[in-house]
Structure formats: C-alpha cells, structure tokens
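The structure appears below as structure tokens.
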Amino acid sequence: MSNQRTVDAVVIGAGFGGIYAMQKLANEQGLDVVGFDLADGPGGTWYWNRYPGALSDSEGYVYQYFFDKDLYQDTTWKNTYLTQPEILSYLEGVVDRFDLRKHFRFGTGIVSSHYIDADNEWELTTDSGDTIRSTYVVNAVGLLAAVNLPDVPGRDSFEGRLVHTARWPEDLNLAGKRVAVIGTGSTGQQFATAAASQVAELGVHVRTPQYSVPVGLRAMRDGEVEQYHADFEKTRDTVFSSALGFGIDEVERSLWDFTDEERQEIFAKAWEQGGGFRFMFSTFGNLASDEDANLVAGEFIKDRIREIVKDPETARKIMPEGLHARRPLCDNGFYEIFNLPHVEAVNISETPIDEITQSGIRTSDGKHREYDVIVFATGFDAVDGNYRRMDLTGRNGVQINETWGTDPQSYLGVTTAGFPNWFMVLGPKGPFCNLPSAIETQVEFISDLIAHARQADVATIEPSTDAEERWSEVCRDLAKGSVFGKVDSWVFGANIPGKKPSVLFYLGGLSAMKEILAEEVEAGYPNLISQGPRESSDKGLDRALVNQ
C-alpha cells in the first residue's frame, strides 16, 4: 500500500545544489519540503564518483559554499585541490551542521513527475510506490550524473569486472590486475594516473586525445588556509564578480601583443603553477575566441608532451590535434605514466574496438588484449540527459522530450516553458563556470523567486516561450564567438551517439549571469510571472543582449 503526502516543495538530489536548496527552502523560508536521492546519503556526484584519483579541478578555497561565513571559516583543507573523500565529507558535514538530513529520504528515487493542470500541483511517485503532491519542484539532479555506458559489441560477455567510473564498486581492488580504461577526459586521466601505480598492466584506450596541463596539486603552506579564512569577503567577491568563478586572474591581454619568447615564458609560468582554466584564461585573453591564438597555446602543450613522453610512437598516439577547445583539463602526472613499461596507449580512433570478449578487448587491427578489469571512463549524457530519462510531463501531459526536441530549452538555465513551478539547478543553457559558485547563484535566485511568488500570491511561475527563445538566441550567439563551439565535445552533447549537438551552456560568464538575474529580480520577474497573457518583457534580458 502506497503512502501519500502533500508538501510545499520537493527537492530532487542531495549534492551541492540539493543541499543548498533544502537550506534555503526548509530552514530559511520554513516551507514543508521533502528531498529525495537514490544514493544512501548526501553528496550527489561526489557520492557516486569514488574511482581512484577522483579530484576537483577547482582549487579547494573556491570548491565550497560561500553562503555562510562561519561555515567557510570552520572548513579546512590539506591540499590545493580536494579529493573525492574530502568533498563527500564536507557535504555530509554541511547537511549535519544545518540539520538537513531529516528532510531527505535517501535510497529513494523519483520514477515519475507529472504536472496536474486542474490542481496546479506536481505529483511525484517514488520507486517504492509512494506519491507526493507538491506546489514546487526543484531539480538538483546534477550536470554530470546521467551515466554514458557505450553499447560496445560483446560488452556483457566479459567475465572479469566491467565498471563505470561514476558507479565505482567499493569492493574493487586493482592491485596486481590487468586493467583497461576506455576514455581520456578528465575522469579517464585522473583514473589512469592513479591506477598506473597499482596495477600489473594498464591499457589506456584513447579515442580523442585531449590537451591537458598539470593540476598544480600541492600541500597547503603554513598559514595559507587561515589567510583564506581571514580574506573571506574578498575571496567571495572575487569569485562572484568573475566570469569563471575559479578565483584566478582573468586577463584581457592579447597573445599577439607579445613576442614568441614572451609567450613561452607566460605559458611556462602557467604550466608550472597548474590548473586547466588558469592556463586557458590567465595567460592571454583571446585563447577562447581567436583560433590562431588558441593553436599557439596548443602547440606549447604538444611540445611539453613530446618532452615528457619518451617513446615518440606513444606520444603520437596520445597527441591532441586541432583547437584546444574542450573543457580545459588538468592532471596530476597523466603524460608521465606512459613512460612506465606496464602502461600502453591504444588509439581507438586508429584501431577501433571491434568487440569486448570474455577475457579482454579485440581491436580492428586483430590484436586481442587480455584484461581482468575494464573501466569505462566515458562520461555522461550531460546537462539534459537526466531529464530526458525521466517520466516527466508538464502542462497537458506533454513529455519533456517532446517539449525540448533536439535542442533543450530554458530561461536563464533554471526553468522551462510548459512546466510551471518547476525549476532546475544547472539546467540547459546555464553558466559555464566553477560549479559550486553557479549552483549557489541559481539556488538563491530560485528560492527568492518562490518567496516572492508566495508573498505576492502568484499561483504559477513559468517563462514565456518568447523569453525562452530569446535566451537561447543569446546562448547560441555566444557559442558562435567561442572556440568551444568549434569542436565536438560533451559540452555540446557530441559525446552521445545519435544525439544532435546543441548549445547546452551560457558562455557569458558567472558575473554577467548574476547581473542578468538581478535585472530580472529588480523588474519584478517579468519573464517568469504574469497576471495576464503570457508575454515576455525586454527587462531582464537587456544585460544578456548587451553582453553578446
């Protein structure tokens, strides 16, 4: 027999977004809120991604919340970057600090979300058959959560252990094993680097070689964390007034204003300091917009790869080509592992995987490599993937895939037409930047919007289709002016077979996004709340159009 409950709001997900949404709605507004997460505890992405080497690629002093000064000043960290166990422990601590655990139902998934037009309510069903009615739904389901497990021929015939990095089993010990990893994005590089010292053999199956720079992982110096604590307001303001939210210098200087020798010195300094976004945005201001300048940066990285990797043929197999225009990557010694005698680079663009056999992987050149463990580091159906996999219907029973088609729509990355009182944290066409900072910004906008609607006795919050389309136009135009839109990558959904690439992010930056949201608030949410016909307003979009 199923249970039924009616609440003010439902929060789906218990990562950075879901935790903060619960704090805002339950603790600060005093609403009756229930949260759900399929995991057995909080953490979101950092609950599931327990693979060896899992590490943030934002530095520790910005990879956390800024909404509470005392929380920030009570938080310590050992190294410049945070490991998965450290991030998970931090999020668990936040949940307990603000007494949020009582609001969540862990180990419980939502199998359907249906808008009931007649009642202006959402009806959600859990995987245990319980039904919840709610006025508002806040989806904090994760930007990188819908696992992409390619359907390789013979995949299910493998008699060893076959795993995805995003669902890492706790009992898997790699010591002395023959291991294959498929994929060399951020996760694949982190895993391969960590696993190389543990395993007997490691086959790194590279489809698209990527540019990567050192992460710059080091121990925090004496007094360094305490200085960040003392500089809380300065650090917070720097993060939220920047484009990327990484706390790095975002320079405007052009690469073409410097001699080749000067460029090499600037690149070398960034290489030594570490950080993928720092290398891209703190060296020269036109690497993300000028293809020729971008290629110069790429050549610097390729020269470093040739210096590091001793075998020229191995270096060739992992050598990136073309624009340095996927998500900027950083690693903790990825290229160095290819000098180890038990590590092999297998370029599966040249020799694709024909099949996975009972004992290993056979490639198109006829070679069969035997493995005990096959690890898929093949990423996610990012941004819109989780929503498309839901039994999710809005007005008049229209399914989300029918509404979005091949190009997922939103207004400001937080809500979409036809789905009243339904919100997304890091939804399609949200900001491309340090994720905790983007999450904090969006959650505050959503929670303030809900508070405003309740105080003004507004029944439904929903964007007009015109405002939604204008926002999409802003995002498309920004992508056209960026090198990121000129290559196939998960940032545009190109990593999923059969999925039509589309613009999934707003590339205008975090500070510009905050200004756009502020204009919408100041104008009284004209593109989200209407007492009459659903018409859009120029207010709230002015900043976005000016910044194109």
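A note on labels: chains of the structure tokens are A, B, ... as shown, every chain counts residues from 1, and ligands are counted from 1 in their shown order.
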task = Using DSSP on the backbone coordinates, identify the residues of range 361-512 of chain A assigned to strand (DSSP E); present them as a list in words.
result =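 Those residues are Ile361, Arg362, Thr363, His368, Arg369, Glu370, Val373, Ile374, Val375, Phe376, Asp391, Leu392, Thr393, Trp422, Phe423, Met424, Gly430, Pro431, Phe505 and Tyr506 of chain A.
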request  = Output as a PyMOL selection string all residues of range 287-501 of chain A that backbone DSSP marks as helix (DSSP H, G or I).
outcome  = chain A and resi 291-308+312-317+335-339+385-388+395-397+400-404+435-455+465-480+483-486+490-492
request  = Tell me which protein, DNA and RNA residues are within 9 Å of Glu250 in chain A, counting only C-alpha atoms, leaving out same-chain ones fewer than 5 positions away, and put them as a list in words.
outcome  = Ser242, Ala243, Leu244, Arg278, Phe281, Ser282, Thr283, Phe284 and Gly285 of chain A
Quick one: contact table of range 87-154 of chain A to range 32-50 of chain A, 12 Å max, nearest atom pair and distance in Å to one decimal per residue, counting only C-alpha atoms, chain and number order, as a tab-separated table?
residue	atom	partner	partner_atom	distance
A:Ile87	CA	A:Trp46	CA	6.8
A:Leu88	CA	A:Gly43	CA	5.5
A:Ser89	CA	A:Gly43	CA	8.4
A:Tyr90	CA	A:Gly43	CA	8.8
A:Leu91	CA	A:Gly43	CA	5.9
A:Glu92	CA	A:Pro42	CA	6.1
A:Gly93	CA	A:Pro42	CA	9.7
A:Val94	CA	A:Pro42	CA	9.6
A:Val95	CA	A:Pro42	CA	7.6
A:Asp96	CA	A:Pro42	CA	10.2
A:Leu100	CA	A:Gly35	CA	9.5
A:Arg101	CA	A:Pro42	CA	8.4
A:Lys102	CA	A:Val34	CA	8.8
A:His103	CA	A:Val34	CA	5.2
A:Phe104	CA	A:Gly35	CA	4.3
A:Arg105	CA	A:Phe36	CA	5.0
A:Phe106	CA	A:Asp40	CA	4.9
A:Gly107	CA	A:Leu38	CA	4.5
A:Thr108	CA	A:Leu38	CA	4.7
A:Gly109	CA	A:Leu38	CA	4.5
A:Ile110	CA	A:Phe36	CA	7.2
A:Val111	CA	A:Leu38	CA	10.4
A:Leu124	CA	A:Phe36	CA	10.8
A:Thr125	CA	A:Phe36	CA	10.9
A:Thr126	CA	A:Phe36	CA	8.7
A:Asp127	CA	A:Leu38	CA	9.2
A:Ser128	CA	A:Leu38	CA	11.3
A:Asp130	CA	A:Phe36	CA	11.8
A:Thr131	CA	A:Val34	CA	12.0
A:Ile132	CA	A:Val34	CA	9.1
A:Arg133	CA	A:Val34	CA	10.6
A:Ser134	CA	A:Val33	CA	8.8
A:Thr135	CA	A:Val33	CA	10.2
A:Tyr136	CA	A:Val33	CA	9.3
A:Val137	CA	A:Val33	CA	9.6
A:Val138	CA	A:Gly35	CA	9.3
A:Asn139	CA	A:Gly35	CA	9.9
A:Ala140	CA	A:Gly44	CA	8.9
A:Val141	CA	A:Gly44	CA	7.9
A:Gly142	CA	A:Thr45	CA	7.0
A:Leu143	CA	A:Thr45	CA	8.8
A:Leu144	CA	A:Thr45	CA	7.2
A:Ala145	CA	A:Thr45	CA	6.5
A:Ala146	CA	A:Thr45	CA	10.2
A:Val147	CA	A:Trp48	CA	10.6
Write a file of the just-selected residues containing C-alpha atoms, as a PDB file, in the first residue's frame.
ATOM      1  CA  ILE A  87      34.433  16.651  -0.759  1.00  0.00           C
ATOM      2  CA  LEU A  88      31.985  13.977   0.348  1.00  0.00           C
ATOM      3  CA  SER A  89      32.948  14.508   3.991  1.00  0.00           C
ATOM      4  CA  TYR A  90      32.491  18.267   3.566  1.00  0.00           C
ATOM      5  CA  LEU A  91      28.984  17.886   2.121  1.00  0.00           C
ATOM      6  CA  GLU A  92      27.994  15.398   4.806  1.00  0.00           C
ATOM      7  CA  GLY A  93      29.195  17.911   7.367  1.00  0.00           C
ATOM      8  CA  VAL A  94      27.113  20.700   5.834  1.00  0.00           C
ATOM      9  CA  VAL A  95      23.997  18.517   5.925  1.00  0.00           C
ATOM     10  CA  ASP A  96      24.521  17.787   9.615  1.00  0.00           C
ATOM     11  CA  LEU A 100      19.063  18.933   6.845  1.00  0.00           C
ATOM     12  CA  ARG A 101      19.245  15.154   6.985  1.00  0.00           C
ATOM     13  CA  LYS A 102      15.744  14.918   8.488  1.00  0.00           C
ATOM     14  CA  HIS A 103      14.270  16.457   5.325  1.00  0.00           C
ATOM     15  CA  PHE A 104      15.816  13.953   2.901  1.00  0.00           C
ATOM     16  CA  ARG A 105      14.744  10.431   2.027  1.00  0.00           C
ATOM     17  CA  PHE A 106      17.956   8.739   0.933  1.00  0.00           C
ATOM     18  CA  GLY A 107      17.962   5.490  -1.010  1.00  0.00           C
ATOM     19  CA  THR A 108      14.758   6.653  -2.689  1.00  0.00           C
ATOM     20  CA  GLY A 109      14.426   7.600  -6.351  1.00  0.00           C
ATOM     21  CA  ILE A 110      11.722   9.521  -8.173  1.00  0.00           C
ATOM     22  CA  VAL A 111      10.319   7.467 -11.050  1.00  0.00           C
ATOM     23  CA  LEU A 124       5.658  12.592  -7.989  1.00  0.00           C
ATOM     24  CA  THR A 125       5.989   8.861  -7.483  1.00  0.00           C
ATOM     25  CA  THR A 126       8.930   7.194  -5.759  1.00  0.00           C
ATOM     26  CA  ASP A 127      10.494   3.859  -6.619  1.00  0.00           C
ATOM     27  CA  SER A 128       8.742   2.399  -3.556  1.00  0.00           C
ATOM     28  CA  ASP A 130       4.763   6.442  -2.567  1.00  0.00           C
ATOM     29  CA  THR A 131       3.062   9.518  -4.019  1.00  0.00           C
ATOM     30  CA  ILE A 132       3.903  13.121  -3.170  1.00  0.00           C
ATOM     31  CA  ARG A 133       1.928  16.187  -4.178  1.00  0.00           C
ATOM     32  CA  SER A 134       3.890  19.441  -4.268  1.00  0.00           C
ATOM     33  CA  THR A 135       3.448  23.035  -5.391  1.00  0.00           C
ATOM     34  CA  TYR A 136       7.103  23.443  -6.336  1.00  0.00           C
ATOM     35  CA  VAL A 137       9.760  21.062  -7.616  1.00  0.00           C
ATOM     36  CA  VAL A 138      13.467  21.918  -7.524  1.00  0.00           C
ATOM     37  CA  ASN A 139      15.555  19.549  -9.641  1.00  0.00           C
ATOM     38  CA  ALA A 140      19.153  19.366  -8.442  1.00  0.00           C
ATOM     39  CA  VAL A 141      19.847  16.165 -10.339  1.00  0.00           C
ATOM     40  CA  GLY A 142      23.358  17.043 -11.410  1.00  0.00           C
ATOM     41  CA  LEU A 143      25.058  18.354 -14.503  1.00  0.00           C
ATOM     42  CA  LEU A 144      27.176  15.205 -14.811  1.00  0.00           C
ATOM     43  CA  ALA A 145      25.035  12.376 -13.485  1.00  0.00           C
ATOM     44  CA  ALA A 146      23.320  10.523 -16.355  1.00  0.00           C
ATOM     45  CA  VAL A 147      25.908   7.804 -16.973  1.00  0.00           C
TER      46      VAL A 147
END
note = Judged by only C-alpha atoms, the minimum distance to Ser197 in chain A among A:Arg221, A:Lys177, A:Lys310, A:Lys367 is found for A:Lys177
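Counting from CA of Ala54 in chain A, the distance to CA of Gln84 in chain A is 5.4 Å.
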inquiry  = Under the rule that only C-alpha atoms are counted, which of A:Pro436, A:Leu217, A:Val375, A:Gly509 is the nearest residue to Leu172 in chain A?
reply    =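 Once distances to Leu172 in chain A are computed over only C-alpha atoms, the minimum belongs to A:Val375.
Closest approach to Val204 in chain A among A:Gln64, A:Thr314, A:Thr238, A:Thr357 is made by A:Thr314 (distances from only C-alpha atoms).
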message = Give me, as an MDAnalysis selection string, all polymer residues having an atom no more than 10 Å from Arg161 in chain A, counting only C-alpha atoms and skipping those fewer than 6 positions away in the same chain.
response = chainID A and resid 169 172 179 371:375
task = One decimal, Å: what's the distance from CA of Gly160 in chain A over to CA of Val181 in chain A, could you say?
result = 13.5 Å
Residue contacts of Val62 in chain A (8 Å, only C-alpha atoms) excluding same-chain residues fewer than 5 positions away, as a short mmCIF file (atom, residue, chain, number, x, y, z; two decimals) with N, CA and C atoms, in the first residue's frame:
data_model
loop_
_atom_site.label_atom_id
_atom_site.label_comp_id
_atom_site.auth_asym_id
_atom_site.auth_seq_id
_atom_site.Cartn_x
_atom_site.Cartn_y
_atom_site.Cartn_z
N VAL A 239 35.30 35.80 -6.52
CA VAL A 239 34.68 34.66 -7.21
C VAL A 239 33.42 35.08 -7.95
N GLY A 245 34.48 32.11 -11.92
CA GLY A 245 34.25 31.69 -10.54
C GLY A 245 35.35 30.83 -9.97
N PHE A 246 36.53 30.83 -10.58
CA PHE A 246 37.64 29.99 -10.12
C PHE A 246 38.61 30.73 -9.21
N GLY A 247 38.42 32.03 -9.04
CA GLY A 247 39.34 32.79 -8.22
C GLY A 247 40.68 33.05 -8.88
N PRO A 436 30.17 24.94 -7.98
CA PRO A 436 29.56 25.38 -6.72
C PRO A 436 29.13 26.84 -6.74
N SER A 437 29.89 27.69 -7.41
CA SER A 437 29.53 29.11 -7.49
C SER A 437 28.28 29.31 -8.34
#
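Nearest residue to Gln358 in chain A, choosing from A:Val215, A:Leu162, A:Met22, A:Leu202 and counting only C-alpha atoms: A:Leu162.
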key: Exercise: Glu313 in chain A partners within 12 Å, only C-alpha atoms, chain neighbours under 4 positions left out, as a list in words   =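 Once the adjacent positions are removed, what remains is Ile305, Arg306, Val309, Lys317, Ile318, Met319, Phe338, Asn339, Glu344, Ala345, Val346 and Asn347 of chain A.
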Include N, CA and C atoms and write out the residues we just selected as a CSV table (one decimal), in the first residue's frame.
chain,number,residue,atom,x,y,z
A,305,ILE,N,54.3,17.6,-24.2
A,305,ILE,CA,54.0,16.2,-24.3
A,305,ILE,C,55.2,15.4,-24.9
A,306,ARG,N,55.8,16.0,-25.9
A,306,ARG,CA,56.9,15.4,-26.6
A,306,ARG,C,58.1,15.3,-25.7
A,309,VAL,N,56.9,12.4,-22.7
A,309,VAL,CA,56.7,11.0,-23.2
A,309,VAL,C,57.9,10.6,-24.0
A,317,LYS,N,50.4,8.7,-30.4
A,317,LYS,CA,49.1,8.1,-30.1
A,317,LYS,C,48.2,8.9,-29.2
A,318,ILE,N,48.8,9.7,-28.3
A,318,ILE,CA,48.1,10.4,-27.3
A,318,ILE,C,48.1,11.9,-27.6
A,319,MET,N,48.7,12.3,-28.7
A,319,MET,CA,48.9,13.7,-29.1
A,319,MET,C,47.6,14.4,-29.5
A,338,PHE,N,53.0,7.2,-19.2
A,338,PHE,CA,53.3,6.4,-20.4
A,338,PHE,C,54.7,6.1,-20.6
A,339,ASN,N,55.6,6.5,-19.6
A,339,ASN,CA,57.0,6.1,-19.6
A,339,ASN,C,57.1,4.8,-18.8
A,344,GLU,N,50.3,1.0,-21.6
A,344,GLU,CA,50.2,1.0,-23.1
A,344,GLU,C,49.1,2.0,-23.5
A,345,ALA,N,49.4,2.8,-24.5
A,345,ALA,CA,48.5,3.7,-25.1
A,345,ALA,C,47.9,3.0,-26.4
A,346,VAL,N,46.5,2.9,-26.4
A,346,VAL,CA,45.9,2.3,-27.5
A,346,VAL,C,44.9,3.3,-28.2
A,347,ASN,N,45.3,3.8,-29.3
A,347,ASN,CA,44.5,4.8,-30.0
A,347,ASN,C,43.3,4.1,-30.7
message = Residues near Ser254 in chain A, anyone? I mean within 9 Å using only C-alpha atoms, not counting same-chain ones fewer than 3 positions away, as a VMD selection string.
response = chain A and resid 251 257 to 258 284 to 287 293
May I have the residues from that selection written out with N, CA and C atoms, as a PDB file, in the first residue's frame?
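Just written: again11.pdb:
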ATOM      1  N   VAL A 251      42.679  37.530 -17.563  1.00  0.00           N
ATOM      2  CA  VAL A 251      43.366  38.636 -18.252  1.00  0.00           C
ATOM      3  C   VAL A 251      42.681  38.970 -19.570  1.00  0.00           C
ATOM      4  N   ASP A 257      50.183  40.580 -28.816  1.00  0.00           N
ATOM      5  CA  ASP A 257      50.931  41.748 -28.349  1.00  0.00           C
ATOM      6  C   ASP A 257      52.265  41.366 -27.720  1.00  0.00           C
ATOM      7  N   PHE A 258      52.628  40.097 -27.784  1.00  0.00           N
ATOM      8  CA  PHE A 258      53.854  39.614 -27.148  1.00  0.00           C
ATOM      9  C   PHE A 258      54.708  38.872 -28.166  1.00  0.00           C
ATOM     10  N   PHE A 284      46.427  34.520 -21.698  1.00  0.00           N
ATOM     11  CA  PHE A 284      46.036  35.534 -22.679  1.00  0.00           C
ATOM     12  C   PHE A 284      44.515  35.561 -22.784  1.00  0.00           C
ATOM     13  N   GLY A 285      43.978  36.723 -23.082  1.00  0.00           N
ATOM     14  CA  GLY A 285      42.531  36.890 -23.084  1.00  0.00           C
ATOM     15  C   GLY A 285      41.840  36.447 -24.342  1.00  0.00           C
ATOM     16  N   ASN A 286      42.600  36.054 -25.363  1.00  0.00           N
ATOM     17  CA  ASN A 286      41.953  35.696 -26.633  1.00  0.00           C
ATOM     18  C   ASN A 286      42.111  34.223 -26.999  1.00  0.00           C
ATOM     19  N   LEU A 287      42.523  33.372 -26.069  1.00  0.00           N
ATOM     20  CA  LEU A 287      42.665  31.943 -26.398  1.00  0.00           C
ATOM     21  C   LEU A 287      41.316  31.275 -26.625  1.00  0.00           C
ATOM     22  N   ALA A 293      45.328  32.132 -32.098  1.00  0.00           N
ATOM     23  CA  ALA A 293      45.963  32.254 -30.787  1.00  0.00           C
ATOM     24  C   ALA A 293      45.814  30.953 -30.003  1.00  0.00           C
TER      25      ALA A 293
END
key: Atomic distance CA of Glu321 in chain A - CA of Pro214 in chain A, expressed in Å with one decimal   =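 Atom-to-atom, CA of Glu321 in chain A and CA of Pro214 in chain A are spaced 18.5 Å apart.
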key: Selected residue of minimal separation from Val225 in chain A among A:Thr416, A:Ser157, A:Thr80, A:Ser212, counting only C-alpha atoms   =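 Nearest to Val225 in chain A: A:Thr80.
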